[in-house]
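Visitor: Right, I'll just put the structure down here and ask away after.
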Amino acid sequence: MSPAGCPHVNGFKVDNWRQNLRVIYQCFVWSGSVETRKRKAKSCICHLCGAHLNRLHSCLNCVFFGCFAKKHIHEHAKNKRHNLVSNWSLIRYRRGDRVVNSIDLLYGGIYCFLCQDYIYDKDMEQIAKEEQRKAWKLQGVGEKYSTWEPTKREMELLRHNPKRRKITSNCTIGLRGLINLGNTCFMNCIVQALTHTPLLRDFFLSDRHKCEMQSNSCLVCEMSQLFQEFYSGHRSPHIPFRLLHLVWTHARHLAGYEQQDAHEFLIAALDVLHRHCKGDDNGKKSNNPNNCNCIIDQIFTGGLQSDVTCQVCHGVSTTIDPFWDISLDLPGSSTPFWPLSPGGDGSTLNGESHLTGATTLTDCLRRFTRPEHLGSGAKIKCSGCHSYQESTKQLTMKKLPIVACFHLKRFEHSAKLRRKITTYVSFPLELDMTPFMASSKESRMNGQYQQSIDVFNNDNKYSLFAVVNHQGTLESGHYTTFIRQHKDQWFKCDDAIITKASIKDVLDSEGYLLFYHKQFLEYE
Amino acid sequence: MRATINQKLTEMGERERLKELLRAKLTECGWRDQLKAYCKDVIKEKGLEHVTVEDLVVEITAKGRVLVPDSLKKELLQRIRAFLAQHAT
């Protein structure tokens, strides 16, 4: 199996062989268009036995399709002494030239009968790859995963830097404690969650940030440094004084040694990172803050759809706003939690049990997306009725972010009281957001009540990867984070102390900020 | 009968779609990794310089067929049935 190709292929590489090979790929291997598919369906059967299932190969020299498994193509090759090419109407083959290859119609591999194996010719592979991409585009599939192959420059770099770090299933690289610099656990807990967000980690470890800030005050650069520290393999706790200083500089309201709210820090940090990401826009200079393509937006930004329905003419006015997190009300707050919706149901979702009567994350989400009567005191001007009418408002998810952060509103700052709501809310390891999508609401409204769960649709499935908890009271409390490593190993990060945790520890915890990551990622 | 079904599936592009879904599902359930490991074993056994694709195909086809989860076979069959029912002439 030499990577240099086989010598017998040169007999094929004559005249217009590239174009001929392309046609074969387009018509019989990667049939992208409707016409080629029709043709493939009709003609791709064995000329000897009519079957289509036994690893059909096409002779590259003439019009002959034969089974590989039943050796029909082998017979043909021997009898006719043919072996390559198969676009019949366009080529002329020279007498006496023996072309000894055939092409597999399932995967497009080239088989040489003289070498008795599949061969790999750089030129032909290049053509095969291009034709496959074209066919995918025609089918609307877009780009698909292909394994990484190093460029010449990358090979050089790899040779000059021979030190390698191997990640085994039980290695703990990426785990590092953070020293508390004086009530800075609100910052530490968020840093732990961010450094264990897989996509963010990949972005920073592959050095994708190009800084355009002149001074040394770029938070994204500092974040990059932080990732280097976390994945350096050092086990001593890191002292994030530079990060703290930058946060004080860019988010004045968080400065000082008092305890701050971790959720506020998260939003402030994402905001500053988003602003400092200007140089990473891939050259698309978008001055529109709502149309940014920075890594923060790619990972964290979702779209929240708000539908206001006029109760008189039933006209719907829709707006979509970007969001980085979903703040959920809890039972026990001054705003009533139950019932979830007018005539609400109590069905279970996402495998959470109502046996103990505990509120679940799904309950909170259902409440968040329920239709809400705005009442006679809050009439909206309806463009259909041209007057002020009563209406209902409903929130649903239009676009889900790759990382969904749920904020349980445990700190109540109403006019009468300031307190912490400690109601236990049970949350799942795996979450399906399908029922809360705008598209699901539309199908419900169109009368499709029984939504069969499409096993093949994985777009809305999420996995828990970090949980930030708050212990204590509103006045004095402490933040810790549970983070997930590899597939099912959890660790508790309490400032400088990292300990192993069980899944039960995580799921039994109170929960303040819940970080979920999409299970399946699509290429753009 | 198989030939007509195959023809219909190919013509309407459903064959490609099903192949892609199958590919994704087999990767998810670890089938691909299992077979990859088995391939490596076969290659080690036969020696990298002498092994051919044919060797591998012969060795792993039987094992591969057995390792496909029944639930996946059922799902796919259901999908094909639904498609044919939808497009019955």
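Chain labels run A, B, ... following the order of the structure tokens; each chain numbers its residues from 1, and ligands are numbered from 1 in the order shown.
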Chain B near chain A within 6 Å: what's each residue's closest atom pair and its distance in Å to one decimal, counting only C-alpha atoms, ordered by chain then ascending residue number, as JSON lines?
Guide:
```
{"residue": "B:Gln7", "atom": "CA", "partner": "A:Ala41", "partner_atom": "CA", "distance": 4.6}
{"residue": "B:Thr10", "atom": "CA", "partner": "A:Ala41", "partner_atom": "CA", "distance": 5.4}
{"residue": "B:Glu11", "atom": "CA", "partner": "A:Lys38", "partner_atom": "CA", "distance": 4.7}
{"residue": "B:Thr52", "atom": "CA", "partner": "A:Asp117", "partner_atom": "CA", "distance": 5.8}
```
Visitor: Residues of chain B classed as helix (DSSP H, G or I) by DSSP on the backbone are to be reported as a ChimeraX atom specification.
Guide: /B:2-11,14-28,31-46,53-67,70-86
Visitor: Could you please determine the separation between CA of Arg410 in chain A and CA of Phe241 in chain A in Å, to one decimal place?
Guide: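 Calculated distance between CA of Arg410 in chain A and CA of Phe241 in chain A is 28.8 Å.
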Visitor: At what distance in Å, to one decimal, does CA of Lys420 in chain A lie from CA of Gln471 in chain A?
Guide: 10.2 Å
Visitor: Give the answer as one residue: which of B:Gln34, B:Gln78, B:Gln86, B:Asn6 has the shortest atom-to-atom distance to Gly64 in chain B, using only C-alpha atoms?
Guide: B:Gln34
Visitor: Name the residues of range 241-435 of chain A that fall into strand (DSSP E or B) according to DSSP on the backbone, using the chain letters and numbers of this document, as a ChimeraX atom specification.
Guide: /A:302-310,316-323,326-328,359-360,372-373,380-382,387-389,391-399,403-408,411-413,418-420,425-426,430-432
Visitor: Quick one: residues within 12 Å of range 225-227 of chain A, only C-alpha atoms, excluding same-chain residues fewer than 6 positions away - as a tab-separated table (two decimals) with N, CA, C and O atoms, in the first residue's frame?
Guide:
```
chain	number	residue	atom	x	y	z
A	173	ILE	N	-5.05	17.25	33.10
A	173	ILE	CA	-4.53	18.52	32.60
A	173	ILE	C	-5.69	19.49	32.38
A	173	ILE	O	-6.77	19.11	31.96
A	174	GLY	N	-5.48	20.74	32.71
A	174	GLY	CA	-6.56	21.70	32.59
A	174	GLY	C	-7.15	22.03	33.94
A	174	GLY	O	-7.88	23.01	34.09
A	175	LEU	N	-6.86	21.24	34.93
A	175	LEU	CA	-7.36	21.51	36.27
A	175	LEU	C	-6.31	22.29	37.03
A	175	LEU	O	-5.16	21.89	37.13
A	176	ARG	N	-6.72	23.42	37.59
A	176	ARG	CA	-5.78	24.19	38.39
A	176	ARG	C	-6.55	25.06	39.35
A	176	ARG	O	-7.59	25.62	38.99
A	177	GLY	N	-6.06	25.17	40.58
A	177	GLY	CA	-6.74	26.00	41.56
A	177	GLY	C	-6.47	27.47	41.32
A	177	GLY	O	-5.55	27.84	40.58
A	178	LEU	N	-7.28	28.33	41.94
A	178	LEU	CA	-7.10	29.77	41.82
A	178	LEU	C	-7.07	30.38	43.22
A	178	LEU	O	-7.96	30.15	44.03
A	188	ASN	N	-13.29	33.66	40.50
A	188	ASN	CA	-12.67	32.35	40.34
A	188	ASN	C	-13.65	31.32	39.80
A	188	ASN	O	-13.31	30.52	38.93
A	191	VAL	N	-14.16	31.81	36.11
A	191	VAL	CA	-12.96	31.45	35.36
A	191	VAL	C	-12.88	29.94	35.20
A	191	VAL	O	-12.56	29.42	34.13
A	192	GLN	N	-13.22	29.20	36.27
A	192	GLN	CA	-13.21	27.73	36.17
A	192	GLN	C	-14.19	27.26	35.12
A	192	GLN	O	-13.89	26.38	34.32
A	193	ALA	N	-15.38	27.85	35.10
A	193	ALA	CA	-16.38	27.43	34.12
A	193	ALA	C	-15.89	27.74	32.70
A	193	ALA	O	-16.02	26.92	31.79
A	194	LEU	N	-15.30	28.94	32.50
A	194	LEU	CA	-14.86	29.33	31.16
A	194	LEU	C	-13.68	28.49	30.68
A	194	LEU	O	-13.62	28.11	29.50
A	195	THR	N	-12.72	28.20	31.57
A	195	THR	CA	-11.56	27.43	31.11
A	195	THR	C	-11.93	25.99	30.81
A	195	THR	O	-11.15	25.27	30.21
A	196	HIS	N	-13.12	25.56	31.22
A	196	HIS	CA	-13.53	24.22	30.89
A	196	HIS	C	-14.65	24.18	29.87
A	196	HIS	O	-15.32	23.16	29.70
A	197	THR	N	-14.84	25.29	29.16
A	197	THR	CA	-15.77	25.31	28.03
A	197	THR	C	-14.99	24.83	26.81
A	197	THR	O	-14.10	25.54	26.34
A	198	PRO	N	-15.30	23.65	26.29
A	198	PRO	CA	-14.45	23.04	25.27
A	198	PRO	C	-14.14	23.94	24.07
A	198	PRO	O	-12.98	24.04	23.66
A	200	LEU	N	-14.17	27.17	23.79
A	200	LEU	CA	-13.35	28.32	24.18
A	200	LEU	C	-11.91	27.87	24.37
A	200	LEU	O	-10.96	28.54	23.94
A	201	ARG	N	-11.76	26.72	25.00
A	201	ARG	CA	-10.43	26.16	25.21
A	201	ARG	C	-9.74	25.93	23.88
A	201	ARG	O	-8.58	26.29	23.70
A	202	ASP	N	-10.48	25.32	22.93
A	202	ASP	CA	-9.88	25.06	21.63
A	202	ASP	C	-9.47	26.34	20.93
A	202	ASP	O	-8.42	26.41	20.30
A	203	PHE	N	-10.30	27.37	21.04
A	203	PHE	CA	-10.01	28.66	20.40
A	203	PHE	C	-8.71	29.23	20.94
A	203	PHE	O	-7.82	29.63	20.19
A	204	PHE	N	-8.56	29.26	22.26
A	204	PHE	CA	-7.39	29.89	22.85
A	204	PHE	C	-6.14	29.04	22.72
A	204	PHE	O	-5.05	29.56	22.50
A	205	LEU	N	-6.28	27.72	22.83
A	205	LEU	CA	-5.09	26.89	22.73
A	205	LEU	C	-4.56	26.83	21.30
A	205	LEU	O	-3.41	26.53	21.08
A	206	SER	N	-5.43	27.12	20.30
A	206	SER	CA	-4.91	27.16	18.95
A	206	SER	C	-4.58	28.59	18.55
A	206	SER	O	-4.42	28.91	17.39
A	207	ASP	N	-4.46	29.46	19.57
A	207	ASP	CA	-3.87	30.78	19.35
A	207	ASP	C	-4.60	31.62	18.31
A	207	ASP	O	-3.98	32.24	17.46
A	209	HIS	N	-6.50	34.26	18.65
A	209	HIS	CA	-6.79	35.68	18.91
A	209	HIS	C	-5.72	36.55	18.31
A	209	HIS	O	-4.54	36.36	18.57
A	218	CYS	N	-5.74	44.23	27.02
A	218	CYS	CA	-6.71	43.42	26.32
A	218	CYS	C	-7.10	42.23	27.17
A	218	CYS	O	-6.25	41.42	27.57
A	219	LEU	N	-8.39	42.09	27.46
A	219	LEU	CA	-8.83	40.99	28.32
A	219	LEU	C	-8.74	39.66	27.59
A	219	LEU	O	-8.52	38.62	28.21
A	233	GLY	N	0.16	22.21	32.87
A	233	GLY	CA	0.55	21.02	33.61
A	233	GLY	C	1.01	21.34	35.02
A	233	GLY	O	1.23	20.45	35.83
A	234	HIS	N	1.16	22.64	35.34
A	234	HIS	CA	1.53	23.02	36.71
A	234	HIS	C	0.37	22.70	37.64
A	234	HIS	O	-0.78	22.92	37.30
A	237	PRO	N	-1.62	26.30	42.61
A	237	PRO	CA	-2.71	27.21	42.23
A	237	PRO	C	-2.18	28.46	41.56
A	237	PRO	O	-1.09	28.94	41.86
A	238	HIS	N	-2.96	28.98	40.65
A	238	HIS	CA	-2.57	30.16	39.90
A	238	HIS	C	-3.07	31.41	40.61
A	238	HIS	O	-4.12	31.40	41.24
A	239	ILE	N	-2.29	32.48	40.52
A	239	ILE	CA	-2.71	33.73	41.16
A	239	ILE	C	-3.17	34.70	40.08
A	239	ILE	O	-2.36	35.27	39.35
A	240	PRO	N	-4.47	34.92	39.93
A	240	PRO	CA	-4.98	35.71	38.80
A	240	PRO	C	-5.02	37.21	39.07
A	240	PRO	O	-6.05	37.86	38.87
A	241	PHE	N	-3.88	37.79	39.50
A	241	PHE	CA	-3.92	39.22	39.86
A	241	PHE	C	-4.07	40.11	38.63
A	241	PHE	O	-4.74	41.13	38.67
A	242	ARG	N	-3.45	39.67	37.51
A	242	ARG	CA	-3.56	40.51	36.30
A	242	ARG	C	-4.99	40.52	35.80
A	242	ARG	O	-5.51	41.56	35.38
A	243	LEU	N	-5.63	39.36	35.87
A	243	LEU	CA	-7.02	39.27	35.43
A	243	LEU	C	-7.91	40.17	36.28
A	243	LEU	O	-8.74	40.92	35.76
A	244	LEU	N	-7.67	40.11	37.59
A	244	LEU	CA	-8.48	40.92	38.50
A	244	LEU	C	-8.31	42.41	38.18
A	244	LEU	O	-9.28	43.16	38.11
```
Visitor: When distances are computed from only C-alpha atoms, which of B:Ala3, B:Leu9, B:Val68, B:Leu26 shows the smallest separation from Leu84 in chain B?
Guide: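 Comparing B:Ala3, B:Leu9, B:Val68, B:Leu26 against Leu84 in chain B, the winner is B:Leu9.
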